[in-house]
file target.json (JSON, C-alpha atoms)
[["chain", "number", "residue", "atom", "x", "y", "z"],
["A", 29, "MET", "CA", 12.99, 41.01, 21.66],
["A", 30, "THR", "CA", 11.30, 42.51, 18.62],
["A", 31, "PRO", "CA", 8.99, 40.02, 16.99],
["A", 32, "GLY", "CA", 9.72, 39.18, 13.39],
["A", 33, "ARG", "CA", 7.46, 40.28, 10.61],
["A", 34, "LEU", "CA", 4.55, 38.11, 9.70],
["A", 35, "ARG", "CA", 4.92, 36.46, 6.32],
["A", 36, "ASP", "CA", 2.51, 37.97, 3.81],
["A", 37, "PRO", "CA", 1.07, 35.03, 1.83],
["A", 38, "ALA", "CA", 0.09, 37.39, -0.98],
["A", 39, "ARG", "CA", 3.69, 38.54, -1.45],
["A", 40, "HIS", "CA", 5.29, 35.20, -0.55],
["A", 41, "PRO", "CA", 2.95, 32.44, -1.80],
["A", 42, "VAL", "CA", 3.72, 28.84, -0.92],
["A", 43, "PRO", "CA", 4.95, 27.11, -4.09],
["A", 44, "ALA", "CA", 2.38, 24.79, -5.59],
["A", 45, "ARG", "CA", 3.20, 21.09, -5.59],
["A", 46, "PRO", "CA", 2.37, 18.74, -8.47],
["A", 47, "LEU", "CA", -0.23, 16.73, -6.55],
["A", 48, "ASP", "CA", -1.84, 19.49, -4.52],
["A", 49, "ARG", "CA", -5.56, 18.82, -4.01],
["A", 50, "ARG", "CA", -5.33, 15.37, -5.59],
["A", 51, "THR", "CA", -6.46, 12.28, -3.70],
["A", 52, "VAL", "CA", -4.72, 8.97, -4.38],
["A", 53, "LEU", "CA", -6.03, 5.61, -3.21],
["A", 54, "VAL", "CA", -3.28, 3.14, -2.31],
["A", 55, "PRO", "CA", -4.98, -0.23, -1.61],
["A", 56, "ARG", "CA", -2.24, -1.51, 0.68],
["A", 57, "PRO", "CA", -1.91, -2.01, 4.43],
["A", 58, "ALA", "CA", -0.25, 0.84, 6.28],
["A", 59, "ASP", "CA", 3.06, -0.95, 6.82],
["A", 60, "ARG", "CA", 3.45, -1.89, 3.15],
["A", 61, "GLY", "CA", 2.23, 1.43, 1.78],
["A", 62, "ALA", "CA", 3.85, 3.89, 4.17],
["A", 63, "ARG", "CA", 6.86, 4.84, 2.04],
["A", 64, "LEU", "CA", 4.86, 5.32, -1.15],
["A", 65, "ALA", "CA", 2.31, 7.37, 0.80],
["A", 66, "GLY", "CA", 5.12, 9.56, 2.11],
["A", 67, "LEU", "CA", 6.49, 10.17, -1.39],
["A", 68, "LEU", "CA", 3.06, 11.13, -2.69],
["A", 69, "ARG", "CA", 2.29, 13.39, 0.28],
["A", 70, "ALA", "CA", 5.59, 15.18, -0.27],
["A", 71, "GLN", "CA", 4.20, 16.13, -3.69],
["A", 72, "GLY", "CA", 1.01, 17.45, -2.14],
["A", 73, "ALA", "CA", -1.32, 14.47, -2.49],
["A", 74, "ARG", "CA", -3.90, 13.35, 0.01],
["A", 75, "VAL", "CA", -3.29, 9.60, 0.32],
["A", 76, "VAL", "CA", -5.86, 7.03, 1.39],
["A", 77, "LEU", "CA", -4.27, 3.77, 2.57],
["A", 78, "ALA", "CA", -6.66, 0.82, 2.72],
["A", 79, "PRO", "CA", -5.92, -2.80, 1.79],
["A", 80, "ALA", "CA", -8.15, -4.54, -0.75],
["A", 81, "ILE", "CA", -6.62, -7.98, -0.22],
["A", 82, "GLU", "CA", -4.84, -9.78, 2.59],
["A", 83, "ARG", "CA", -2.79, -12.90, 3.12],
["A", 84, "ALA", "CA", -4.41, -15.87, 4.80],
["A", 85, "PRO", "CA", -2.71, -19.07, 6.03],
["A", 86, "ILE", "CA", -3.05, -22.36, 4.22],
["A", 87, "THR", "CA", -4.90, -25.11, 6.07],
["A", 88, "ASN", "CA", -2.32, -27.83, 5.40],
["A", 89, "THR", "CA", 1.29, -26.83, 6.04],
["A", 90, "ALA", "CA", 2.73, -30.30, 5.33],
["A", 91, "PRO", "CA", 3.71, -29.56, 1.68],
["A", 92, "VAL", "CA", 5.54, -26.33, 2.52],
["A", 93, "ASP", "CA", 7.22, -27.94, 5.52],
["A", 94, "ALA", "CA", 8.40, -30.82, 3.33],
["A", 95, "ALA", "CA", 9.72, -28.38, 0.74],
["A", 96, "VAL", "CA", 11.62, -26.33, 3.32],
["A", 97, "GLN", "CA", 13.10, -29.50, 4.81],
["A", 98, "ALA", "CA", 14.21, -30.56, 1.32],
["A", 99, "LEU", "CA", 15.69, -27.10, 0.87],
["A", 100, "ALA", "CA", 17.67, -27.47, 4.09],
["A", 101, "ASP", "CA", 18.85, -30.90, 2.88],
["A", 102, "GLY", "CA", 20.21, -29.41, -0.35],
["A", 103, "ALA", "CA", 17.61, -30.85, -2.73],
["A", 104, "PHE", "CA", 17.07, -27.68, -4.76],
["A", 105, "ALA", "CA", 19.38, -25.87, -7.14],
["A", 106, "TRP", "CA", 17.28, -22.70, -7.06],
["A", 107, "VAL", "CA", 14.50, -21.03, -5.08],
["A", 108, "VAL", "CA", 12.44, -18.58, -7.14],
["A", 109, "VAL", "CA", 10.55, -16.00, -5.09],
["A", 110, "THR", "CA", 7.94, -13.77, -6.71],
["A", 111, "SER", "CA", 6.21, -12.46, -3.58],
["A", 112, "VAL", "CA", 7.25, -10.93, -0.27],
["A", 113, "ASN", "CA", 4.39, -12.87, 1.32],
["A", 114, "ALA", "CA", 6.00, -16.16, 0.28],
["A", 115, "ILE", "CA", 9.17, -15.23, 2.18],
["A", 116, "ASP", "CA", 7.26, -14.84, 5.43],
["A", 117, "GLU", "CA", 5.73, -18.28, 5.00],
["A", 118, "LEU", "CA", 9.07, -19.92, 4.18],
["A", 119, "ARG", "CA", 10.57, -18.28, 7.27],
["A", 120, "ASP", "CA", 7.74, -19.56, 9.46],
["A", 121, "ALA", "CA", 8.09, -23.09, 8.06],
["A", 122, "ALA", "CA", 11.83, -23.04, 8.75],
["A", 123, "ALA", "CA", 11.11, -21.94, 12.32],
["A", 124, "ARG", "CA", 8.61, -24.78, 12.79],
["A", 125, "LEU", "CA", 11.19, -27.29, 11.57],
["A", 126, "GLY", "CA", 14.14, -25.76, 13.41],
["A", 127, "VAL", "CA", 16.21, -25.46, 10.24],
["A", 128, "PRO", "CA", 17.90, -22.39, 8.73],
["A", 129, "LEU", "CA", 16.17, -20.76, 5.78],
["A", 130, "ALA", "CA", 19.55, -19.84, 4.36],
["A", 131, "PRO", "CA", 22.06, -22.62, 5.14],
["A", 132, "PRO", "CA", 25.76, -21.67, 5.07],
["A", 133, "ASP", "CA", 27.01, -21.18, 1.53],
["A", 134, "THR", "CA", 28.69, -24.10, -0.17],
["A", 135, "ALA", "CA", 30.22, -24.44, -3.60],
["A", 136, "ASP", "CA", 27.15, -26.21, -4.91],
["A", 137, "GLY", "CA", 24.57, -24.64, -2.59],
["A", 138, "VAL", "CA", 21.10, -23.42, -3.48],
["A", 139, "ARG", "CA", 20.79, -20.09, -5.25],
["A", 140, "TRP", "CA", 17.91, -17.66, -4.83],
["A", 141, "ALA", "CA", 16.15, -15.58, -7.47],
["A", 142, "ALA", "CA", 13.96, -12.57, -6.63],
["A", 143, "VAL", "CA", 11.44, -10.99, -8.97],
["A", 144, "GLY", "CA", 12.21, -7.42, -7.88],
["A", 145, "PRO", "CA", 13.79, -5.04, -5.37],
["A", 146, "ALA", "CA", 11.18, -5.44, -2.62],
["A", 147, "THR", "CA", 11.46, -9.22, -2.75],
["A", 148, "ARG", "CA", 15.26, -9.02, -2.78],
["A", 149, "ARG", "CA", 15.30, -6.75, 0.28],
["A", 150, "ALA", "CA", 12.92, -9.06, 2.14],
["A", 151, "LEU", "CA", 15.17, -12.04, 1.38],
["A", 152, "GLU", "CA", 18.28, -10.16, 2.45],
["A", 153, "ALA", "CA", 16.54, -9.33, 5.73],
["A", 154, "GLN", "CA", 16.36, -13.11, 6.30],
["A", 155, "GLY", "CA", 20.07, -13.54, 5.59],
["A", 156, "VAL", "CA", 19.53, -14.79, 2.04],
["A", 157, "GLN", "CA", 21.89, -13.63, -0.70],
["A", 158, "VAL", "CA", 20.06, -13.13, -3.99],
["A", 159, "ALA", "CA", 21.89, -14.46, -7.04],
["A", 160, "LEU", "CA", 19.45, -13.39, -9.75],
["A", 161, "GLU", "CA", 17.17, -10.36, -10.13],
["A", 162, "PRO", "CA", 15.74, -9.44, -13.53],
["A", 163, "ARG", "CA", 15.83, -6.08, -15.26],
["A", 164, "GLU", "CA", 12.07, -6.33, -15.81],
["A", 165, "ASN", "CA", 10.36, -7.03, -12.49],
["A", 166, "SER", "CA", 7.87, -9.67, -13.56],
["A", 167, "ALA", "CA", 7.65, -13.42, -13.95],
["A", 168, "ARG", "CA", 8.41, -13.04, -17.65],
["A", 169, "GLY", "CA", 11.40, -10.85, -16.87],
["A", 170, "LEU", "CA", 12.71, -13.41, -14.39],
["A", 171, "LEU", "CA", 12.27, -16.19, -16.94],
["A", 172, "ALA", "CA", 14.24, -14.14, -19.45],
["A", 173, "ALA", "CA", 17.03, -13.79, -16.88],
["A", 174, "PHE", "CA", 17.06, -17.55, -16.35],
["A", 175, "GLY", "CA", 17.18, -18.04, -20.11],
["A", 176, "GLU", "CA", 20.27, -15.83, -20.30],
["A", 177, "LEU", "CA", 22.03, -18.08, -17.78],
["A", 178, "GLY", "CA", 21.89, -20.97, -20.24],
["A", 179, "GLU", "CA", 22.29, -23.55, -17.47],
["A", 180, "ALA", "CA", 19.46, -26.03, -18.06],
["A", 181, "GLY", "CA", 19.55, -28.42, -20.95],
["A", 182, "GLY", "CA", 16.08, -28.21, -22.46],
["A", 183, "PRO", "CA", 12.40, -28.91, -21.91],
["A", 184, "THR", "CA", 11.46, -31.37, -19.21],
["A", 185, "SER", "CA", 8.22, -32.69, -17.79],
["A", 186, "SER", "CA", 9.73, -33.50, -14.43],
["A", 187, "GLY", "CA", 8.39, -31.44, -11.54],
["A", 188, "ALA", "CA", 8.99, -33.17, -8.22],
["A", 189, "PRO", "CA", 11.95, -33.24, -5.85],
["A", 190, "GLY", "CA", 14.00, -36.34, -6.44],
["A", 191, "SER", "CA", 14.18, -36.28, -10.24],
["A", 192, "THR", "CA", 17.66, -36.17, -11.70],
["A", 193, "ASP", "CA", 17.18, -35.03, -15.30],
["A", 194, "ALA", "CA", 16.94, -31.29, -14.61],
["A", 195, "PRO", "CA", 17.90, -28.73, -11.96],
["A", 196, "LEU", "CA", 15.24, -28.70, -9.24],
["A", 197, "VAL", "CA", 13.67, -25.32, -8.55],
["A", 198, "LEU", "CA", 11.47, -24.52, -5.56],
["A", 199, "VAL", "CA", 8.69, -22.08, -6.51],
["A", 200, "PRO", "CA", 6.71, -20.94, -3.41],
["A", 201, "GLN", "CA", 3.57, -19.07, -4.44],
["A", 202, "GLY", "CA", 0.14, -17.90, -3.37],
["A", 203, "ASP", "CA", -2.94, -19.83, -4.35],
["A", 204, "LEU", "CA", -3.91, -17.33, -7.07],
["A", 205, "ALA", "CA", -0.50, -17.17, -8.77],
["A", 206, "ALA", "CA", -0.53, -17.76, -12.52],
["A", 207, "PRO", "CA", 1.41, -20.78, -13.83],
["A", 208, "THR", "CA", 3.70, -18.53, -15.86],
["A", 209, "MET", "CA", 6.79, -19.11, -13.72],
["A", 210, "ALA", "CA", 6.53, -22.88, -13.45],
["A", 211, "GLU", "CA", 5.65, -23.40, -17.09],
["A", 212, "GLY", "CA", 8.45, -21.11, -18.24],
["A", 213, "LEU", "CA", 11.04, -22.83, -16.07],
["A", 214, "ALA", "CA", 9.99, -26.23, -17.41],
["A", 215, "GLU", "CA", 10.36, -24.96, -20.98],
["A", 216, "LEU", "CA", 13.88, -23.79, -20.13],
["A", 217, "GLY", "CA", 14.82, -27.26, -18.89],
["A", 218, "TYR", "CA", 14.38, -26.83, -15.14],
["A", 219, "ALA", "CA", 12.21, -29.01, -12.91],
["A", 220, "PRO", "CA", 9.90, -26.63, -11.00],
["A", 221, "HIS", "CA", 8.38, -27.77, -7.72],
["A", 222, "VAL", "CA", 5.47, -25.42, -6.98],
["A", 223, "VAL", "CA", 4.25, -25.16, -3.40],
["A", 224, "THR", "CA", 1.28, -23.07, -2.31],
["A", 225, "VAL", "CA", 2.42, -21.28, 0.83],
["A", 226, "TYR", "CA", -0.41, -18.78, 1.42],
["A", 227, "ARG", "CA", -3.88, -17.81, 0.28],
["A", 228, "THR", "CA", -5.02, -14.43, -1.01],
["A", 229, "VAL", "CA", -8.42, -13.30, 0.23],
["A", 230, "ALA", "CA", -10.47, -10.14, -0.17],
["A", 231, "HIS", "CA", -10.33, -7.42, 2.45],
["A", 232, "ASP", "CA", -13.38, -5.14, 2.52],
["A", 233, "LEU", "CA", -12.50, -1.53, 1.79],
["A", 234, "PRO", "CA", -13.87, 0.93, 4.38],
["A", 235, "GLU", "CA", -17.25, 2.49, 3.63],
["A", 236, "ALA", "CA", -15.59, 5.92, 3.59],
["A", 237, "VAL", "CA", -13.38, 4.79, 0.71],
["A", 238, "VAL", "CA", -16.40, 3.45, -1.18],
["A", 239, "ARG", "CA", -18.24, 6.76, -0.72],
["A", 240, "SER", "CA", -15.21, 8.78, -1.83],
["A", 241, "TRP", "CA", -14.79, 6.64, -4.95],
["A", 242, "ARG", "CA", -18.44, 6.88, -5.93],
["A", 243, "SER", "CA", -18.69, 10.61, -5.19],
["A", 244, "GLY", "CA", -15.75, 11.34, -7.48],
["A", 245, "THR", "CA", -13.26, 12.64, -4.93],
["A", 246, "ILE", "CA", -10.52, 10.09, -5.68],
["A", 247, "HIS", "CA", -8.31, 11.09, -8.60],
["A", 248, "ALA", "CA", -6.04, 8.05, -8.93],
["A", 249, "VAL", "CA", -5.58, 4.50, -7.67],
["A", 250, "VAL", "CA", -2.30, 2.59, -7.36],
["A", 251, "LEU", "CA", -2.54, -1.08, -8.36],
["A", 252, "THR", "CA", 0.22, -3.30, -7.01],
["A", 253, "SER", "CA", -0.96, -6.73, -8.17],
["A", 254, "GLY", "CA", -3.53, -8.39, -10.37],
["A", 255, "SER", "CA", -5.43, -9.43, -7.25],
["A", 256, "VAL", "CA", -5.59, -5.83, -6.06],
["A", 257, "ALA", "CA", -6.83, -4.67, -9.46],
["A", 258, "ARG", "CA", -9.59, -7.27, -9.52],
["A", 259, "GLU", "CA", -10.70, -6.43, -5.98],
["A", 260, "VAL", "CA", -10.76, -2.69, -6.69],
["A", 261, "ALA", "CA", -12.95, -3.37, -9.70],
["A", 262, "ARG", "CA", -15.19, -5.75, -7.77],
["A", 263, "GLN", "CA", -15.63, -3.65, -4.65],
["A", 264, "LEU", "CA", -15.66, -0.16, -6.11],
["A", 265, "GLY", "CA", -16.66, -0.64, -9.74],
["A", 266, "PRO", "CA", -14.62, 0.61, -12.71],
["A", 267, "ASP", "CA", -14.70, 4.40, -13.02],
["A", 268, "PRO", "CA", -13.38, 5.99, -16.24],
["A", 269, "ALA", "CA", -12.60, 9.20, -14.33],
["A", 270, "VAL", "CA", -10.10, 7.61, -11.91],
["A", 271, "ALA", "CA", -6.55, 7.36, -13.24],
["A", 272, "GLY", "CA", -5.01, 3.93, -12.77],
["A", 273, "VAL", "CA", -1.33, 3.32, -12.10],
["A", 274, "ALA", "CA", 0.08, -0.23, -12.24],
["A", 275, "ILE", "CA", 3.25, -1.59, -10.70],
["A", 276, "GLY", "CA", 4.08, -3.63, -13.81],
["A", 277, "GLU", "CA", 2.75, -5.00, -17.06],
["A", 278, "PRO", "CA", 1.10, -8.12, -15.55],
["A", 279, "THR", "CA", -0.87, -5.89, -13.18],
["A", 280, "ALA", "CA", -1.69, -3.54, -16.05],
["A", 281, "ARG", "CA", -3.12, -6.44, -18.06],
["A", 282, "ALA", "CA", -5.23, -7.54, -15.09],
["A", 283, "ALA", "CA", -6.49, -3.98, -14.58],
["A", 284, "ARG", "CA", -7.55, -3.64, -18.21],
["A", 285, "ALA", "CA", -9.22, -7.05, -18.11],
["A", 286, "ALA", "CA", -11.17, -5.93, -15.01],
["A", 287, "GLY", "CA", -12.37, -2.81, -16.81],
["A", 288, "LEU", "CA", -10.25, -0.29, -14.90],
["A", 289, "ARG", "CA", -8.77, 2.76, -16.55],
["A", 290, "LEU", "CA", -5.00, 2.46, -16.92],
["A", 291, "ASP", "CA", -2.88, 5.60, -17.35],
["A", 292, "ALA", "CA", 0.66, 4.65, -16.38],
["A", 293, "VAL", "CA", 2.86, 1.66, -15.63],
["A", 294, "ALA", "CA", 5.77, 2.08, -13.23],
["A", 295, "ALA", "CA", 9.19, 1.74, -14.82],
["A", 296, "ALA", "CA", 10.23, -0.59, -11.98],
["A", 297, "ALA", "CA", 8.57, -2.34, -9.07],
["A", 298, "THR", "CA", 9.66, 0.29, -6.55],
["A", 299, "ASP", "CA", 7.92, 2.99, -4.52],
["A", 300, "ASP", "CA", 9.94, 5.69, -6.28],
["A", 301, "ALA", "CA", 8.87, 4.41, -9.69],
["A", 302, "LEU", "CA", 5.25, 4.15, -8.58],
["A", 303, "ALA", "CA", 5.31, 7.72, -7.28],
["A", 304, "ALA", "CA", 6.78, 8.91, -10.58],
["A", 305, "ALA", "CA", 4.05, 7.03, -12.46],
["A", 306, "VAL", "CA", 1.34, 8.72, -10.36],
["A", 307, "LEU", "CA", 2.87, 12.11, -11.16],
["A", 308, "SER", "CA", 2.83, 11.20, -14.84],
["A", 309, "ALA", "CA", -0.77, 9.99, -14.71],
["A", 310, "LEU", "CA", -2.06, 13.13, -13.01],
["A", 311, "ALA", "CA", 0.09, 15.64, -14.88],
["A", 312, "GLY", "CA", -2.11, 18.44, -16.18],
["A", 313, "ALA", "CA", -5.25, 17.15, -14.46],
["A", 314, "ASP", "CA", -7.53, 19.76, -12.91],
["A", 315, "PRO", "CA", -7.18, 19.25, -9.15],
["A", 316, "THR", "CA", -10.41, 21.08, -8.32],
["A", 317, "SER", "CA", -12.68, 18.39, -9.74],
["A", 318, "PRO", "CA", -12.37, 14.99, -11.40],
["A", 319, "PRO", "CA", -12.94, 14.74, -15.16],
["A", 320, "ASP", "CA", -16.49, 14.47, -16.43],
["A", 321, "ARG", "CA", -17.98, 11.02, -16.00],
["A", 322, "PRO", "CA", -21.11, 9.35, -17.35],
["A", 323, "ASP", "CA", -24.11, 9.60, -15.04],
["A", 324, "ASP", "CA", -23.91, 5.91, -14.17],
["A", 325, "ALA", "CA", -20.12, 5.60, -13.89],
["A", 326, "GLY", "CA", -19.07, 3.74, -10.77],
["A", 327, "ASP", "CA", -22.51, 2.30, -10.09],
["A", 328, "PRO", "CA", -22.53, -1.45, -9.51],
["A", 329, "THR", "CA", -23.92, -3.53, -12.36]]
call {"tool": "encode", "arguments": {"input": "target.json", "output": "structure tokens"}}
result
Amino acid sequence: MTPGRLRDPARHPVPARPLDRRTVLVPRPADRGARLAGLLRAQGARVVLAPAIERAPITNTAPVDAAVQALADGAFAWVVVTSVNAIDELRDAAARLGVPLAPPDTADGVRWAAVGPATRRALEAQGVQVALEPRENSARGLLAAFGELGEAGGPTSSGAPGSTDAPLVLVPQGDLAAPTMAEGLAELGYAPHVVTVYRTVAHDLPEAVVRSWRSGTIHAVVLTSGSVAREVARQLGPDPAVAGVAIGEPTARAARAAGLRLDAVAAAATDDALAAAVLSALAGADPTSPPDRPDDAGDPT
């Protein structure tokens, strides 16, 4: 058999990709960041996956167990979920109690609201049907969606299961969650019952990541929560030469408050939208070297 001709790279160059020779830091664990990493690598990027935060269990599970038991007993009109992590903890509580997380549907059964696509998919994986998902994937967007329902009667100060003057809403959150959701629901006339179901703690970034950041070989960082933004700023130090991409406006506000550069905000809380935002942030950037930086940029203060 006659061997085929070797491809001449000079006559047949490999087409350049938008993110060739760019390095993007995605501060997420491998399982949560794998799809986004794949999308970025398909565009030529070198992706560094390394979590900056991690979930930790709460020391006292009695409040979440009581809330999940009340949920199984039909005490709540709604469950509002703003974090995939909260779903895992609700599932574990239901398993401890031996009750279903999603009881069979009834005419007046509990309804579930999810802040965005990832949360909705995680709920559906547990057999939960999501009744409300906002157009804007944020607490404010979800509150706007509740406002459009027009179900609750008006402001209420009630916030514990058992009250009868407003629809009871279970709000499972992490310990660092802002009060935006609960306060907004109360203003709309609902009775929010907030339960802390997990803690958010720092996860030390690898020394190799720290060296890469401080040597100027990272071109962009993807910020997927306010907690991630604050940890990136704390552990690595703000660097005006590193493009920042946020998953949504709340994260963007946290990034700016932490002193990080912010170039793009994803149009939706999805991996595809984040990848598009990274492309937008790095469009036209010189891939051979990061932009000029002050001599002391990135040094701890």
call {"tool": "closest_residue", "arguments": {"input": "target.json", "among": "A:Gly169, A:Gly66, A:Gly287, A:Gly202", "to": "A:Arg83", "atoms": "only C-alpha atoms"}}
result
A:Gly202
call {"tool": "closest_residue", "arguments": {"input": "target.json", "among": "A:Ala257, A:Ala146, A:Ala269, A:Val223", "to": "A:Ser243", "atoms": "all atoms listed in the file"}}
result
A:Ala269
call {"tool": "closest_residue", "arguments": {"input": "target.json", "among": "A:Val143, A:Ala95, A:Ala248, A:Val199", "to": "A:Val112", "atoms": "only C-alpha atoms"}}
result
A:Val143
call {"tool": "closest_residue", "arguments": {"input": "target.json", "among": "A:Ala100, A:Ala58, A:Leu68, A:Ala90", "to": "A:Val306", "atoms": "only C-alpha atoms"}}
result
A:Leu68
call {"tool": "residues_around", "arguments": {"input": "target.json", "residues": "A:Ala194", "least_positions_apart": "4", "cutoff": "7 Å", "atoms": "all atoms listed in the file", "output": "PyMOL selection string"}}
result
chain A and resi 180+217-219
call {"tool": "closest_residue", "arguments": {"input": "target.json", "among": "A:Gly61, A:Ala172, A:Pro162, A:Ala73", "to": "A:Leu47", "atoms": "all atoms listed in the file"}}
result
A:Ala73
call {"tool": "residues_around", "arguments": {"input": "target.json", "residues": "A:Leu118", "least_positions_apart": "4", "cutoff": "9 Å", "atoms": "all atoms listed in the file", "output": "PyMOL selection string"}}
result
chain A and resi 92-93+96+113-114+122-123+129+200+225
call {"tool": "write_last_selection", "arguments": {"input": "target.json", "atoms": "C-alpha atoms", "output": "PDB file, keeping the file's coordinate frame"}}
result
ATOM      1  CA  VAL A  92       5.540 -26.330   2.520  1.00  0.00           C
ATOM      2  CA  ASP A  93       7.220 -27.940   5.520  1.00  0.00           C
ATOM      3  CA  VAL A  96      11.620 -26.330   3.320  1.00  0.00           C
ATOM      4  CA  ASN A 113       4.390 -12.870   1.320  1.00  0.00           C
ATOM      5  CA  ALA A 114       6.000 -16.160   0.280  1.00  0.00           C
ATOM      6  CA  ALA A 122      11.830 -23.040   8.750  1.00  0.00           C
ATOM      7  CA  ALA A 123      11.110 -21.940  12.320  1.00  0.00           C
ATOM      8  CA  LEU A 129      16.170 -20.760   5.780  1.00  0.00           C
ATOM      9  CA  PRO A 200       6.710 -20.940  -3.410  1.00  0.00           C
ATOM     10  CA  VAL A 225       2.420 -21.280   0.830  1.00  0.00           C
TER      11      VAL A 225
END
call {"tool": "closest_residue", "arguments": {"input": "target.json", "among": "A:Val138, A:Val109, A:Ile115, A:Val237", "to": "A:Met209", "atoms": "all atoms listed in the file"}}
result
A:Val109
call {"tool": "build_atoms", "arguments": {"input": "target.json", "residues": "stretch 228-241 of chain A", "atoms": "N, CA and C atoms", "output": "JSON list (two decimals), in the frame of the given file"}}
result
[["chain", "number", "residue", "atom", "x", "y", "z"],
["A", 228, "THR", "N", -4.67, -15.84, -0.86],
["A", 228, "THR", "CA", -5.02, -14.43, -1.01],
["A", 228, "THR", "C", -6.53, -14.30, -0.90],
["A", 229, "VAL", "N", -6.98, -13.48, 0.03],
["A", 229, "VAL", "CA", -8.42, -13.30, 0.23],
["A", 229, "VAL", "C", -8.76, -11.81, 0.18],
["A", 230, "ALA", "N", -10.02, -11.53, -0.09],
["A", 230, "ALA", "CA", -10.47, -10.14, -0.17],
["A", 230, "ALA", "C", -10.49, -9.50, 1.21],
["A", 231, "HIS", "N", -10.20, -8.22, 1.23],
["A", 231, "HIS", "CA", -10.33, -7.42, 2.45],
["A", 231, "HIS", "C", -11.27, -6.26, 2.11],
["A", 232, "ASP", "N", -12.38, -6.17, 2.82],
["A", 232, "ASP", "CA", -13.38, -5.14, 2.52],
["A", 232, "ASP", "C", -12.80, -3.75, 2.71],
["A", 233, "LEU", "N", -12.92, -2.92, 1.68],
["A", 233, "LEU", "CA", -12.50, -1.53, 1.79],
["A", 233, "LEU", "C", -13.48, -0.78, 2.71],
["A", 234, "PRO", "N", -12.99, 0.18, 3.49],
["A", 234, "PRO", "CA", -13.87, 0.93, 4.38],
["A", 234, "PRO", "C", -14.98, 1.65, 3.62],
["A", 235, "GLU", "N", -16.11, 1.82, 4.27],
["A", 235, "GLU", "CA", -17.25, 2.49, 3.63],
["A", 235, "GLU", "C", -16.88, 3.90, 3.20],
["A", 236, "ALA", "N", -16.01, 4.56, 3.96],
["A", 236, "ALA", "CA", -15.59, 5.92, 3.59],
["A", 236, "ALA", "C", -14.87, 5.93, 2.25],
["A", 237, "VAL", "N", -14.08, 4.90, 1.99],
["A", 237, "VAL", "CA", -13.38, 4.79, 0.71],
["A", 237, "VAL", "C", -14.39, 4.57, -0.41],
["A", 238, "VAL", "N", -15.36, 3.71, -0.18],
["A", 238, "VAL", "CA", -16.40, 3.45, -1.18],
["A", 238, "VAL", "C", -17.15, 4.74, -1.51],
["A", 239, "ARG", "N", -17.53, 5.50, -0.48],
["A", 239, "ARG", "CA", -18.24, 6.76, -0.72],
["A", 239, "ARG", "C", -17.38, 7.75, -1.50],
["A", 240, "SER", "N", -16.10, 7.84, -1.13],
["A", 240, "SER", "CA", -15.21, 8.78, -1.83],
["A", 240, "SER", "C", -15.07, 8.41, -3.29],
["A", 241, "TRP", "N", -14.92, 7.11, -3.57],
["A", 241, "TRP", "CA", -14.79, 6.64, -4.95],
["A", 241, "TRP", "C", -16.04, 7.00, -5.75]]
